Structures are given as structure tokens and as C-alpha cells.
$ cat target-v2.pdb   # PDB, C-alpha atoms and all ligand atoms
ATOM      1  CA  MET A   1     -43.765  14.253 -13.073
ATOM      2  CA  THR A   2     -47.202  15.082 -11.799
ATOM      3  CA  ARG A   3     -47.533  18.822 -11.470
ATOM      4  CA  PHE A   4     -48.472  20.218  -8.078
ATOM      5  CA  ALA A   5     -50.100  23.570  -7.484
ATOM      6  CA  ARG A   6     -47.485  26.335  -7.519
ATOM      7  CA  HIS A   7     -47.757  27.168  -3.833
ATOM      8  CA  LEU A   8     -46.951  23.556  -2.939
ATOM      9  CA  GLU A   9     -44.123  22.881  -5.368
ATOM     10  CA  HIS A  10     -41.189  24.143  -3.334
ATOM     11  CA  HIS A  11     -42.639  24.639   0.072
ATOM     12  CA  THR A  12     -42.689  22.354   3.061
ATOM     13  CA  ILE A  13     -45.794  22.704   5.157
ATOM     14  CA  VAL A  14     -45.356  21.311   8.642
ATOM     15  CA  ASN A  15     -48.375  19.888  10.406
ATOM     16  CA  PRO A  16     -48.423  21.487  13.881
ATOM     17  CA  PHE A  17     -50.690  18.723  15.241
ATOM     18  CA  PRO A  18     -49.322  15.438  13.912
ATOM     19  CA  GLY A  19     -51.107  13.294  16.493
ATOM     20  CA  ILE A  20     -49.887  10.764  19.006
ATOM     21  CA  VAL A  21     -49.065   7.908  16.639
ATOM     22  CA  LYS A  22     -46.766  10.066  14.534
ATOM     23  CA  LEU A  23     -45.124  11.534  17.625
ATOM     24  CA  GLU A  24     -44.570   8.081  19.097
ATOM     25  CA  THR A  25     -42.937   6.958  15.864
ATOM     26  CA  ALA A  26     -40.687  10.010  15.854
ATOM     27  CA  LEU A  27     -39.762   9.583  19.538
ATOM     28  CA  GLY A  28     -39.389   5.825  19.350
ATOM     29  CA  HIS A  29     -41.428   5.136  22.467
ATOM     30  CA  ARG A  30     -45.002   5.123  23.701
ATOM     31  CA  ILE A  31     -46.434   8.325  25.110
ATOM     32  CA  LYS A  32     -48.086   7.485  28.420
ATOM     33  CA  THR A  33     -49.863  10.735  29.093
ATOM     34  CA  ARG A  34     -51.758  11.698  26.030
ATOM     35  CA  ILE A  35     -54.224  14.279  27.185
ATOM     36  CA  GLY A  36     -54.024  17.474  25.202
ATOM     37  CA  SER A  37     -55.586  19.318  22.325
ATOM     38  CA  ASN A  38     -59.061  19.525  23.840
ATOM     39  CA  GLU A  39     -59.127  15.897  24.963
ATOM     40  CA  SER A  40     -60.692  14.998  28.277
ATOM     41  CA  LEU A  41     -59.829  12.784  31.204
ATOM     42  CA  PRO A  42     -61.101   9.195  30.891
ATOM     43  CA  ASP A  43     -64.562   9.967  32.134
ATOM     44  CA  PRO A  44     -65.434  13.352  30.711
ATOM     45  CA  VAL A  45     -68.586  15.074  31.750
ATOM     46  CA  SER A  46     -70.181  15.842  28.447
ATOM     47  CA  PRO A  47     -73.831  16.616  27.857
ATOM     48  CA  LEU A  48     -73.567  14.447  24.736
ATOM     49  CA  ALA A  49     -72.502  11.287  26.564
ATOM     50  CA  GLY A  50     -76.072  10.312  27.344
ATOM     51  CA  GLU A  51     -77.150  10.979  23.781
ATOM     52  CA  LEU A  52     -74.374   9.079  22.063
ATOM     53  CA  GLY A  53     -74.284   5.957  24.186
ATOM     54  CA  LYS A  54     -71.195   4.645  25.956
ATOM     55  CA  ALA A  55     -69.376   3.076  23.014
ATOM     56  CA  LEU A  56     -69.702   6.067  20.743
ATOM     57  CA  ALA A  57     -68.881   8.496  23.536
ATOM     58  CA  GLU A  58     -65.712   6.522  24.250
ATOM     59  CA  MET A  59     -64.760   6.735  20.579
ATOM     60  CA  ALA A  60     -65.477  10.443  20.418
ATOM     61  CA  ARG A  61     -63.529  11.236  23.589
ATOM     62  CA  LEU A  62     -60.101  11.400  21.951
ATOM     63  CA  TYR A  63     -58.884  12.717  18.646
ATOM     64  CA  PRO A  64     -58.245   9.947  16.165
ATOM     65  CA  ASP A  65     -54.818   9.537  14.605
ATOM     66  CA  PRO A  66     -54.628  12.334  12.007
ATOM     67  CA  TYR A  67     -52.645  10.052   9.705
ATOM     68  CA  ALA A  68     -54.939   7.056  10.173
ATOM     69  CA  HIS A  69     -51.908   4.759  10.353
ATOM     70  CA  ALA A  70     -53.784   1.584  11.229
ATOM     71  CA  LEU A  71     -56.374   2.020   8.507
ATOM     72  CA  ARG A  72     -53.783   2.900   5.919
ATOM     73  CA  GLU A  73     -51.703  -0.122   6.767
ATOM     74  CA  ARG A  74     -54.691  -2.382   6.439
ATOM     75  CA  ALA A  75     -55.874  -0.766   3.209
ATOM     76  CA  ALA A  76     -52.361  -0.943   1.803
ATOM     77  CA  ARG A  77     -52.090  -4.655   2.629
ATOM     78  CA  LEU A  78     -55.384  -5.369   0.945
ATOM     79  CA  ASN A  79     -54.391  -3.381  -2.118
ATOM     80  CA  GLY A  80     -50.824  -4.570  -2.442
ATOM     81  CA  VAL A  81     -49.388  -1.072  -2.069
ATOM     82  CA  SER A  82     -47.449   0.710   0.614
ATOM     83  CA  PRO A  83     -49.175   2.645   3.440
ATOM     84  CA  ASP A  84     -47.525   5.808   2.124
ATOM     85  CA  GLU A  85     -49.605   5.403  -0.981
ATOM     86  CA  VAL A  86     -52.893   5.326   0.895
ATOM     87  CA  LEU A  87     -54.836   8.246   2.238
ATOM     88  CA  PHE A  88     -58.136   8.310   4.078
ATOM     89  CA  ASP A  89     -60.519  11.194   4.111
ATOM     90  CA  THR A  90     -64.178  11.798   4.767
ATOM     91  CA  GLY A  91     -65.413  10.481   1.444
ATOM     92  CA  ALA A  92     -64.691  10.418  -2.273
ATOM     93  CA  ASP A  93     -65.959  13.963  -2.548
ATOM     94  CA  SER A  94     -63.450  15.344  -0.092
ATOM     95  CA  LEU A  95     -60.675  13.517  -1.938
ATOM     96  CA  ILE A  96     -61.790  15.115  -5.198
ATOM     97  CA  LEU A  97     -61.359  18.490  -3.547
ATOM     98  CA  LEU A  98     -58.024  17.497  -2.067
ATOM     99  CA  ALA A  99     -56.740  16.337  -5.465
ATOM    100  CA  LEU A 100     -57.760  19.652  -6.993
ATOM    101  CA  ARG A 101     -56.126  21.636  -4.221
ATOM    102  CA  LEU A 102     -52.919  19.659  -4.668
ATOM    103  CA  THR A 103     -52.681  20.084  -8.401
ATOM    104  CA  CYS A 104     -54.586  23.158  -9.603
ATOM    105  CA  ASN A 105     -53.675  26.782  -9.856
ATOM    106  CA  PRO A 106     -56.384  29.316 -10.606
ATOM    107  CA  GLY A 107     -56.905  29.338 -14.368
ATOM    108  CA  ASP A 108     -55.582  25.815 -14.944
ATOM    109  CA  ALA A 109     -57.630  23.690 -17.309
ATOM    110  CA  VAL A 110     -59.368  20.611 -15.933
ATOM    111  CA  VAL A 111     -61.332  18.229 -18.140
ATOM    112  CA  THR A 112     -64.467  16.244 -17.439
ATOM    113  CA  THR A 113     -67.543  14.876 -19.176
ATOM    114  CA  ALA A 114     -70.591  17.134 -19.520
ATOM    115  CA  GLY A 115     -73.374  15.651 -17.396
ATOM    116  CA  THR A 116     -71.211  13.300 -15.326
ATOM    117  CA  TYR A 117     -71.038  13.329 -11.502
ATOM    118  CA  PRO A 118     -71.225  17.077 -10.870
ATOM    119  CA  THR A 119     -69.162  17.404  -7.694
ATOM    120  CA  PHE A 120     -65.926  17.512  -9.662
ATOM    121  CA  ARG A 121     -67.067  20.585 -11.532
ATOM    122  CA  TYR A 122     -68.347  22.185  -8.332
ATOM    123  CA  PHE A 123     -65.009  21.813  -6.543
ATOM    124  CA  ALA A 124     -62.999  22.681  -9.651
ATOM    125  CA  GLU A 125     -64.845  25.970  -9.898
ATOM    126  CA  GLY A 126     -64.136  26.493  -6.214
ATOM    127  CA  VAL A 127     -60.360  26.324  -6.768
ATOM    128  CA  GLY A 128     -60.582  28.657  -9.749
ATOM    129  CA  ALA A 129     -59.915  26.039 -12.418
ATOM    130  CA  ARG A 130     -61.107  26.421 -15.994
ATOM    131  CA  VAL A 131     -63.544  23.533 -16.439
ATOM    132  CA  LEU A 132     -63.665  22.029 -19.929
ATOM    133  CA  GLU A 133     -66.493  19.602 -20.569
ATOM    134  CA  VAL A 134     -66.560  16.980 -23.296
ATOM    135  CA  PRO A 135     -69.976  15.627 -24.372
ATOM    136  CA  TYR A 136     -70.787  11.938 -23.933
ATOM    137  CA  CYS A 137     -70.623   9.921 -27.107
ATOM    138  CA  GLN A 138     -73.539   7.710 -28.041
ATOM    139  CA  ARG A 139     -73.279   3.978 -28.776
ATOM    140  CA  GLY A 140     -76.686   2.674 -29.779
ATOM    141  CA  GLN A 141     -79.004   3.696 -26.997
ATOM    142  CA  HIS A 142     -76.226   4.253 -24.492
ATOM    143  CA  LEU A 143     -74.106   7.223 -23.567
ATOM    144  CA  GLN A 144     -70.469   6.805 -22.632
ATOM    145  CA  PRO A 145     -67.605   9.118 -21.700
ATOM    146  CA  ASP A 146     -65.589   9.882 -24.824
ATOM    147  CA  LEU A 147     -62.110   8.817 -23.761
ATOM    148  CA  ALA A 148     -60.368   9.773 -26.984
ATOM    149  CA  ARG A 149     -61.839  13.272 -26.963
ATOM    150  CA  LEU A 150     -61.199  13.742 -23.233
ATOM    151  CA  ALA A 151     -57.530  12.926 -23.781
ATOM    152  CA  GLU A 152     -57.366  15.169 -26.823
ATOM    153  CA  VAL A 153     -58.727  18.155 -24.887
ATOM    154  CA  ALA A 154     -56.459  17.441 -21.918
ATOM    155  CA  ARG A 155     -53.427  17.403 -24.190
ATOM    156  CA  ALA A 156     -54.403  20.490 -26.154
ATOM    157  CA  GLU A 157     -55.151  22.513 -23.016
ATOM    158  CA  HIS A 158     -52.258  21.206 -20.862
ATOM    159  CA  ALA A 159     -54.863  20.200 -18.327
ATOM    160  CA  SER A 160     -53.889  19.691 -14.703
ATOM    161  CA  VAL A 161     -56.595  17.111 -14.080
ATOM    162  CA  LEU A 162     -58.809  14.820 -16.108
ATOM    163  CA  TYR A 163     -61.734  13.474 -14.094
ATOM    164  CA  LEU A 164     -63.401  10.208 -15.082
ATOM    165  CA  ALA A 165     -66.051   8.398 -13.061
ATOM    166  CA  ASN A 166     -65.728   4.712 -13.925
ATOM    167  CA  PRO A 167     -68.358   3.291 -13.613
ATOM    168  CA  ASP A 168     -69.897   6.549 -14.656
ATOM    169  CA  ASN A 169     -72.639   8.271 -12.727
ATOM    170  CA  PRO A 170     -75.314   8.764 -14.060
ATOM    171  CA  THR A 171     -74.988   6.606 -17.221
ATOM    172  CA  GLY A 172     -73.621   3.506 -15.500
ATOM    173  CA  HIS A 173     -71.187   3.031 -18.376
ATOM    174  CA  TYR A 174     -68.005   1.150 -17.503
ATOM    175  CA  TRP A 175     -64.708   1.271 -19.355
ATOM    176  CA  GLN A 176     -62.600  -1.846 -18.907
ATOM    177  CA  ALA A 177     -59.061  -1.901 -17.570
ATOM    178  CA  GLU A 178     -57.396  -1.876 -20.964
ATOM    179  CA  ASP A 179     -59.330   1.218 -22.024
ATOM    180  CA  ILE A 180     -58.274   3.004 -18.844
ATOM    181  CA  ARG A 181     -54.638   2.110 -19.463
ATOM    182  CA  THR A 182     -54.939   3.399 -23.021
ATOM    183  CA  LEU A 183     -56.465   6.628 -21.715
ATOM    184  CA  ARG A 184     -53.645   7.069 -19.225
ATOM    185  CA  ALA A 185     -51.056   6.424 -21.910
ATOM    186  CA  ALA A 186     -52.666   9.105 -24.096
ATOM    187  CA  LEU A 187     -52.263  11.773 -21.400
ATOM    188  CA  PRO A 188     -49.179  13.813 -20.658
ATOM    189  CA  PRO A 189     -47.556  13.041 -17.293
ATOM    190  CA  HIS A 190     -48.469  16.446 -15.898
ATOM    191  CA  THR A 191     -52.170  15.666 -16.316
ATOM    192  CA  LEU A 192     -53.393  13.847 -13.237
ATOM    193  CA  LEU A 193     -55.991  11.207 -14.049
ATOM    194  CA  LEU A 194     -58.549  11.440 -11.259
ATOM    195  CA  LEU A 195     -60.214   8.069 -11.587
ATOM    196  CA  ASP A 196     -63.364   7.933  -9.494
ATOM    197  CA  GLU A 197     -64.080   4.246  -8.855
ATOM    198  CA  ALA A 198     -66.849   4.885  -6.329
ATOM    199  CA  TYR A 199     -69.079   2.243  -7.924
ATOM    200  CA  VAL A 200     -66.454  -0.282  -8.963
ATOM    201  CA  ASP A 201     -67.550  -2.762  -6.282
ATOM    202  CA  PHE A 202     -70.679  -3.399  -8.301
ATOM    203  CA  CYS A 203     -68.647  -4.666 -11.246
ATOM    204  CA  THR A 204     -68.758  -8.349 -10.444
ATOM    205  CA  ASP A 205     -67.728  -9.864 -13.776
ATOM    206  CA  ALA A 206     -64.095 -10.920 -13.953
ATOM    207  CA  ALA A 207     -63.784  -9.090 -17.257
ATOM    208  CA  ASP A 208     -64.663  -5.881 -15.446
ATOM    209  CA  ALA A 209     -61.866  -6.046 -12.908
ATOM    210  CA  PRO A 210     -60.367  -2.572 -12.605
ATOM    211  CA  PRO A 211     -56.722  -2.104 -13.596
ATOM    212  CA  ALA A 212     -54.517  -4.028 -11.186
ATOM    213  CA  GLY A 213     -51.657  -2.312  -9.422
ATOM    214  CA  ILE A 214     -50.575   1.252  -9.719
ATOM    215  CA  LEU A 215     -51.361   3.406 -12.735
ATOM    216  CA  PRO A 216     -48.908   6.225 -13.372
ATOM    217  CA  HIS A 217     -50.006   9.763 -12.488
ATOM    218  CA  THR A 218     -53.417   8.610 -11.398
ATOM    219  CA  LEU A 219     -55.447   8.982  -8.213
ATOM    220  CA  ARG A 220     -58.081   6.300  -7.764
ATOM    221  CA  LEU A 221     -61.008   7.026  -5.491
ATOM    222  CA  ARG A 222     -62.975   4.376  -3.661
ATOM    223  CA  THR A 223     -65.682   4.825  -1.080
ATOM    224  CA  LEU A 224     -67.552   2.978   1.612
ATOM    225  CA  SER A 225     -70.676   4.965   0.838
ATOM    226  CA  LYS A 226     -71.887   2.778  -2.046
ATOM    227  CA  ALA A 227     -71.432  -0.993  -1.804
ATOM    228  CA  TYR A 228     -70.894  -0.857   1.946
ATOM    229  CA  ALA A 229     -73.572   1.725   2.705
ATOM    230  CA  TRP A 230     -71.310   3.429   5.229
ATOM    231  CA  PRO A 231     -71.347   7.001   4.003
ATOM    232  CA  ALA A 232     -69.781   8.389   7.144
ATOM    233  CA  CYS A 233     -66.539   6.472   6.716
ATOM    234  CA  GLY A 234     -63.425   7.759   5.100
ATOM    235  CA  LEU A 235     -61.501   6.860   2.020
ATOM    236  CA  ALA A 236     -58.010   5.882   1.155
ATOM    237  CA  LEU A 237     -55.629   6.335  -1.666
ATOM    238  CA  PRO A 238     -52.247   5.162  -2.645
ATOM    239  CA  LEU A 239     -50.614   8.538  -2.950
ATOM    240  CA  PRO A 240     -46.868   8.640  -3.406
ATOM    241  CA  VAL A 241     -46.574  12.379  -3.052
ATOM    242  CA  PRO A 242     -43.428  13.872  -1.565
ATOM    243  CA  THR A 243     -43.692  13.827   2.207
ATOM    244  CA  SER A 244     -43.174  17.573   2.246
ATOM    245  CA  LEU A 245     -46.641  18.047   0.883
ATOM    246  CA  PRO A 246     -49.366  18.751   3.391
ATOM    247  CA  ARG A 247     -51.608  15.918   4.454
ATOM    248  CA  PRO A 248     -55.233  16.605   5.125
ATOM    249  CA  THR A 249     -55.245  16.397   8.869
ATOM    250  CA  ARG A 250     -58.961  16.854   8.884
ATOM    251  CA  SER A 251     -59.225  13.425   7.327
ATOM    252  CA  ALA A 252     -58.587  11.887  10.646
ATOM    253  CA  ARG A 253     -61.588  13.496  12.201
ATOM    254  CA  ASN A 254     -63.656  10.942  10.428
ATOM    255  CA  THR A 255     -61.447   7.935  10.231
ATOM    256  CA  ARG A 256     -62.247   6.515  13.590
ATOM    257  CA  CYS A 257     -64.447   3.884  12.060
ATOM    258  CA  PRO A 258     -64.210   0.620  13.981
ATOM    259  CA  ALA A 259     -62.640  -1.396  11.177
ATOM    260  CA  LEU A 260     -62.830  -1.937   7.505
ATOM    261  CA  PRO A 261     -65.244  -4.704   6.677
ATOM    262  CA  ARG A 262     -63.418  -7.978   6.231
ATOM    263  CA  ARG A 263     -65.698  -9.274   3.593
ATOM    264  CA  ARG A 264     -67.749  -7.612   1.019
ATOM    265  CA  PRO A 265     -71.261  -7.188   2.325
ATOM    266  CA  ARG A 266     -74.196  -8.458   0.376
ATOM    267  CA  SER A 267     -76.196  -5.652  -0.942
ATOM    268  CA  CYS A 268     -79.187  -5.483  -3.182
ATOM    269  CA  TRP A 269     -76.803  -4.742  -6.011
ATOM    270  CA  THR A 270     -74.602  -7.739  -5.436
ATOM    271  CA  THR A 271     -76.901 -10.680  -5.053
ATOM    272  CA  ARG A 272     -75.205 -12.558  -7.870
ATOM    273  CA  THR A 273     -73.832 -15.825  -6.626
ATOM    274  CA  THR A 274     -70.799 -15.750  -8.853
ATOM    275  CA  ARG A 275     -68.241 -13.311  -7.679
ATOM    276  CA  ALA A 276     -65.477 -12.200  -9.950
ATOM    277  CA  SER A 277     -62.284 -14.082  -9.227
ATOM    278  CA  TRP A 278     -60.398 -10.839  -8.692
ATOM    279  CA  TRP A 279     -62.657 -10.133  -5.781
ATOM    280  CA  ARG A 280     -61.828 -13.259  -3.798
ATOM    281  CA  LYS A 281     -58.181 -12.570  -3.325
ATOM    282  CA  PRO A 282     -56.678  -9.451  -1.829
ATOM    283  CA  SER A 283     -56.365  -7.096  -4.728
ATOM    284  CA  PRO A 284     -56.790  -3.426  -5.496
ATOM    285  CA  CYS A 285     -60.497  -4.075  -5.316
ATOM    286  CA  ALA A 286     -60.543  -5.826  -2.004
ATOM    287  CA  ILE A 287     -61.477  -2.749  -0.144
ATOM    288  CA  THR A 288     -63.616   0.088  -1.067
ATOM    289  CA  SER A 289     -62.534   3.508  -0.030
ATOM    290  CA  ALA A 290     -59.198   3.587  -1.613
ATOM    291  CA  MET A 291     -57.873   6.255  -3.815
ATOM    292  CA  HIS A 292     -54.966   4.837  -5.727
ATOM    293  CA  SER A 293     -52.353   7.148  -6.859
ATOM    294  CA  THR A 294     -49.729   6.821  -9.040
ATOM    295  CA  THR A 295     -47.543   9.660  -9.383
ATOM    296  CA  ARG A 296     -44.946   6.874  -9.512
ATOM    297  CA  ALA A 297     -43.145   7.382 -12.772
TER     298      ALA A 297
HETATM  299  C1  LIG A 301     -69.245   8.985  -8.947
HETATM  300  C2  LIG A 301     -69.322   9.386  -7.512
HETATM  301  N1  LIG A 301     -68.189   9.718  -6.868
HETATM  302  C3  LIG A 301     -68.199  10.101  -5.580
HETATM  303  C4  LIG A 301     -69.384  10.165  -4.864
HETATM  304  C5  LIG A 301     -69.342  10.621  -3.424
HETATM  305  O1  LIG A 301     -68.828   9.619  -2.607
HETATM  306  P1  LIG A 301     -68.665   9.878  -1.026
HETATM  307  O2  LIG A 301     -70.004   9.592  -0.428
HETATM  308  O3  LIG A 301     -67.637   8.899  -0.594
HETATM  309  O4  LIG A 301     -68.235  11.285  -0.851
HETATM  310  C6  LIG A 301     -70.575   9.851  -5.483
HETATM  311  C7  LIG A 301     -71.840   9.930  -4.727
HETATM  312  O5  LIG A 301     -72.914   9.782  -5.188
HETATM  313  C8  LIG A 301     -70.548   9.448  -6.843
HETATM  314  O6  LIG A 301     -71.682   9.148  -7.483
END

$ encode --input "target-v2.pdb" --output "C-alpha cells"
Amino acid sequence: MTRFARHLEHHTIVNPFPGIVKLETALGHRIKTRIGSNESLPDPVSPLAGELGKALAEMARLYPDPYAHALRERAARLNGVSPDEVLFDTGADSLILLALRLTCNPGDAVVTTAGTYPTFRYFAEGVGARVLEVPYCQRGQHLQPDLARLAEVARAEHASVLYLANPDNPTGHYWQAEDIRTLRAALPPHTLLLLDEAYVDFCTDAADAPPAGILPHTLRLRTLSKAYAWPACGLALPLPVPTSLPRPTRSARNTRCPALPRRRPRSCWTTRTTRASWWRKPSPCAITSAMHSTTRA
């Protein structure tokens, strides 16, 4: 079983503001009058209306659904998982923090690579974790995260989290699906593998398809801020945590994006004409911004 932070293990935290969609589901009917919680009548007088333009002002007028039901359903469909396994938030970074808050007690060991994407360390320090860094190993001229050593340290220190950016930032190194599965298999179940796939959309070779389906005890982060160049849009993750655990209601503040892109946009990084076959069909890679979890045993 994935280990949750002590204060969350046996405690149900009830969201006092679940939002209209959740309430409608619980009540079994539509709510006709939905003004509340700071929301305004249809034509609010706001000094920002002129600044934002009509469309944006209309979007900003009401709170979005805190549970981002529509987005999660769509992301789940594209990824072949259930909506309960998908979570949106304001970016990969905020999901890194969320994962740490869910799993770490002060003093817990967390493992990462020295010199990799530094936000993990920053947030880990913020939750009082003991950050253990493993040096890159060198292959020829290239540096790569040392998977064997990372797993060894995680095991020896009973780590709560092992963070791996794959593709790695800044080296650009990419471990293929089989290596990731081997890494996961080398970790104890209580060590959450926080697999940051922020750049995976740039892996266009079929051989570089990320692991399909759900990996056990793993959260997979995706983002719209890289290949899609939409840094203000949220993320998702398949996250089969017990429903008693708190959901990050703040996520919804930023999940009012119009829609997920239907097709992968061309970007300067992806001008290759051959797309990997795994990209063409709906698959775990078919959307960015997903964080795939996998506390499924
Ligand atoms: C490896 C990696 N993960 C996450 C992020 C942050 O992503 P987001 O913009 O979705 O917070 C970055 C940003 O540079 C990154 O390089």
C-alpha cells in the first residue's frame, strides 16, 4: 500500500465547498439557482470586465467546478483510465507539492537526482522532508539519472517518494518504458514513484512510448505548459486514492480552460513528419497534463 502522511491516514477531511456539479450529483437533480460563494448575477458590474473582454469575463464570473468533472472525464477517456484516477491542478509543479503533502511526514526521506529539475527539492524541503540526492551517472558524454542507485537509496532509507523527471530536465535523458517498469519493481510499495513526464510529448519515436496503462504506486505528471505552450492550464492524474482523502479544491480555480486540445499541436520541437504510432490512438500519451497514479496494487 502506498503510505500517506500520518495526518491523512485515518482522517476524513470533508470539503465544505464541493461545487455545484458535485452537489447536483449528490442530489440527483439540477440546481437552478446557483448564485453563491461570491458569484455575481449574470451581468456583474466589475471594473475588470472592460479589461478582460466579454468572453473571459463570462468565464471568470462563476467559480469553476472544484472537481473538474468534465475535464477529468475527457482526460480519463483519452488515457484509458477512470475519472477517479485523474486529477487536475494548476500545473505539474503544484501536483509535485500535492504529492508531497499527501505522502510525506516531516523527517521522511525523499530521493531525487542531484541537479535535476529543482522544484521537487524546493517543495520537499517545504514539507520538512529529508532530501537525499543521487548523482547522475555518466555514459560517454551524457549524464543520466542513476536508476539503480536511486532505487537502492530509496530502499535503504524507506523513502516516501522517489522523484524522476523522464525525460530529464536539464540533461534531456530519457529512460524507456521497460527501464521505468524495472525501477518501479525495484522499489518497495510504500515508496511513491513520482514520475514527472512533463516533456514526454516530445518523445516521438515509437520506441520511446512511455509505459502504457497504470504503474503501481506511481503518480505520473503531465503538463500543458511544454508541448502545448499553455502554461496557465491545469494538469490531471489518475489517482486512485481513497475518497476520504482531501482533494485540492484550489485546482479548480484554474481548470476553467475552454477544452483540452483535440490534436497535438505542431510546435518547433515536433516538426517531424513521422509521429510515433502510440500517439495516433488514444493512449496514456494522448493528452498532456495528466498525472497517472497507481496506488492500485
Ligand atoms: C521537469 C519539469 N517538471 C515540471 C515543470 C513545471 O511544469 P508546470 O508548468 O506544469 O508547472 C517543469 C518546468 O519547467 C519541468 O521542467

$ residues_near_ligand --input "target-v2.pdb" --ligand "ligand LIG 301 (chain A)" --cutoff "8 Å" --atoms "only C-alpha atoms and all ligand atoms" --output "ChimeraX atom specification"
/A:90-95,116-117,119,165-170,196-199,221-226,231-235,289

$ resolve_selection --input "target-v2.pdb" --expression "the PyMOL selection byres (((chain A and resi 97) around 10) and not hetatm)" --output "PDB file with C-alpha atoms, in the frame of the given file"
ATOM      1  CA  ALA A  92     -64.691  10.418  -2.273  1.00  0.00           C
ATOM      2  CA  ASP A  93     -65.959  13.963  -2.548  1.00  0.00           C
ATOM      3  CA  SER A  94     -63.450  15.344  -0.092  1.00  0.00           C
ATOM      4  CA  LEU A  95     -60.675  13.517  -1.938  1.00  0.00           C
ATOM      5  CA  ILE A  96     -61.790  15.115  -5.198  1.00  0.00           C
ATOM      6  CA  LEU A  98     -58.024  17.497  -2.067  1.00  0.00           C
ATOM      7  CA  ALA A  99     -56.740  16.337  -5.465  1.00  0.00           C
ATOM      8  CA  LEU A 100     -57.760  19.652  -6.993  1.00  0.00           C
ATOM      9  CA  ARG A 101     -56.126  21.636  -4.221  1.00  0.00           C
ATOM     10  CA  LEU A 102     -52.919  19.659  -4.668  1.00  0.00           C
ATOM     11  CA  THR A 119     -69.162  17.404  -7.694  1.00  0.00           C
ATOM     12  CA  PHE A 120     -65.926  17.512  -9.662  1.00  0.00           C
ATOM     13  CA  TYR A 122     -68.347  22.185  -8.332  1.00  0.00           C
ATOM     14  CA  PHE A 123     -65.009  21.813  -6.543  1.00  0.00           C
ATOM     15  CA  ALA A 124     -62.999  22.681  -9.651  1.00  0.00           C
ATOM     16  CA  GLY A 126     -64.136  26.493  -6.214  1.00  0.00           C
ATOM     17  CA  VAL A 127     -60.360  26.324  -6.768  1.00  0.00           C
TER      18      VAL A 127
END

$ closest_residue --input "target-v2.pdb" --among "A:Ala177, A:Ala156, A:Ala60, A:Leu194" --to "A:Thr112" --atoms "only C-alpha atoms"
A:Leu194

$ residues_around --input "target-v2.pdb" --residues "A:Asn105" --least-positions-apart "3" --cutoff "7 Å" --atoms "all atoms listed in the file" --output "list of chain:residue names"
A:Ala5, A:Arg6, A:Asp108, A:Ala129

$ atom_distance --input "target-v2.pdb" --atom1 "atom CA of A:Leu187" --atom2 "atom CA of A:Pro145"
15.6 Å

$ atom_distance --input "target-v2.pdb" --atom1 "atom CA of A:His142" --atom2 "atom CA of A:Glu125"
28.5 Å

$ closest_residue --input "target-v2.pdb" --among "A:Thr171, A:Asp201, A:Arg155, A:Val45" --to "A:Ala186" --atoms "only C-alpha atoms"
A:Arg155

$ atom_distance --input "target-v2.pdb" --atom1 "atom CA of A:Phe4" --atom2 "atom CA of A:Val153"
19.8 Å

$ closest_residue --input "target-v2.pdb" --among "A:Thr191, A:Gln176, A:Thr218, A:Ser46" --to "A:Asp205" --atoms "all atoms listed in the file"
A:Gln176

$ axis_aligned_box --input "target-v2.pdb" --around "stretch 59-73 of chain A" --padding-each-side "3 Å" --output "AutoDock Vina command-line options"
--center_x -58.6 --center_y 6.3 --center_z 14.8 --size_x 19.8 --size_y 18.8 --size_z 23.7

$ closest_residue --input "target-v2.pdb" --among "A:Gly213, A:Ser40, A:His158, A:Leu132" --to "A:Leu78" --atoms "all atoms listed in the file"
A:Gly213

$ decode --input "target-v2.pdb" --residues "stretch 122-157 of chain A" --atoms "C-alpha atoms" --output "CSV table (one decimal), in the first residue's frame"
chain,number,residue,atom,x,y,z
A,122,TYR,CA,12.2,23.0,-3.1
A,123,PHE,CA,8.8,21.7,-2.2
A,124,ALA,CA,10.2,18.7,-0.4
A,125,GLU,CA,12.1,21.0,1.9
A,126,GLY,CA,8.9,22.9,2.4
A,127,VAL,CA,7.1,19.9,3.8
A,128,GLY,CA,10.1,19.1,6.1
A,129,ALA,CA,11.3,16.0,4.1
A,130,ARG,CA,14.8,14.8,4.3
A,131,VAL,CA,16.1,15.2,0.7
A,132,LEU,CA,18.6,12.6,-0.5
A,133,GLU,CA,20.2,13.3,-3.8
A,134,VAL,CA,21.9,10.7,-6.0
A,135,PRO,CA,24.5,12.0,-8.6
A,136,TYR,CA,23.9,11.5,-12.3
A,137,CYS,CA,25.9,8.7,-13.8
A,138,GLN,CA,27.9,9.4,-17.0
A,139,ARG,CA,27.6,7.4,-20.2
A,140,GLY,CA,30.1,8.7,-22.7
A,141,GLN,CA,29.5,12.4,-22.9
A,142,HIS,CA,26.0,12.2,-21.5
A,143,LEU,CA,24.6,12.3,-18.0
A,144,GLN,CA,21.7,10.2,-16.9
A,145,PRO,CA,19.7,9.6,-13.7
A,146,ASP,CA,21.1,6.5,-12.0
A,147,LEU,CA,18.1,4.4,-11.6
A,148,ALA,CA,19.8,1.5,-9.8
A,149,ARG,CA,21.3,3.8,-7.2
A,150,LEU,CA,18.1,5.8,-6.8
A,151,ALA,CA,16.2,2.6,-6.0
A,152,GLU,CA,19.0,1.5,-3.7
A,153,VAL,CA,18.8,4.7,-1.7
A,154,ALA,CA,15.0,4.6,-1.6
A,155,ARG,CA,15.0,1.1,-0.2
A,156,ALA,CA,17.7,1.7,2.3
A,157,GLU,CA,16.1,4.9,3.6
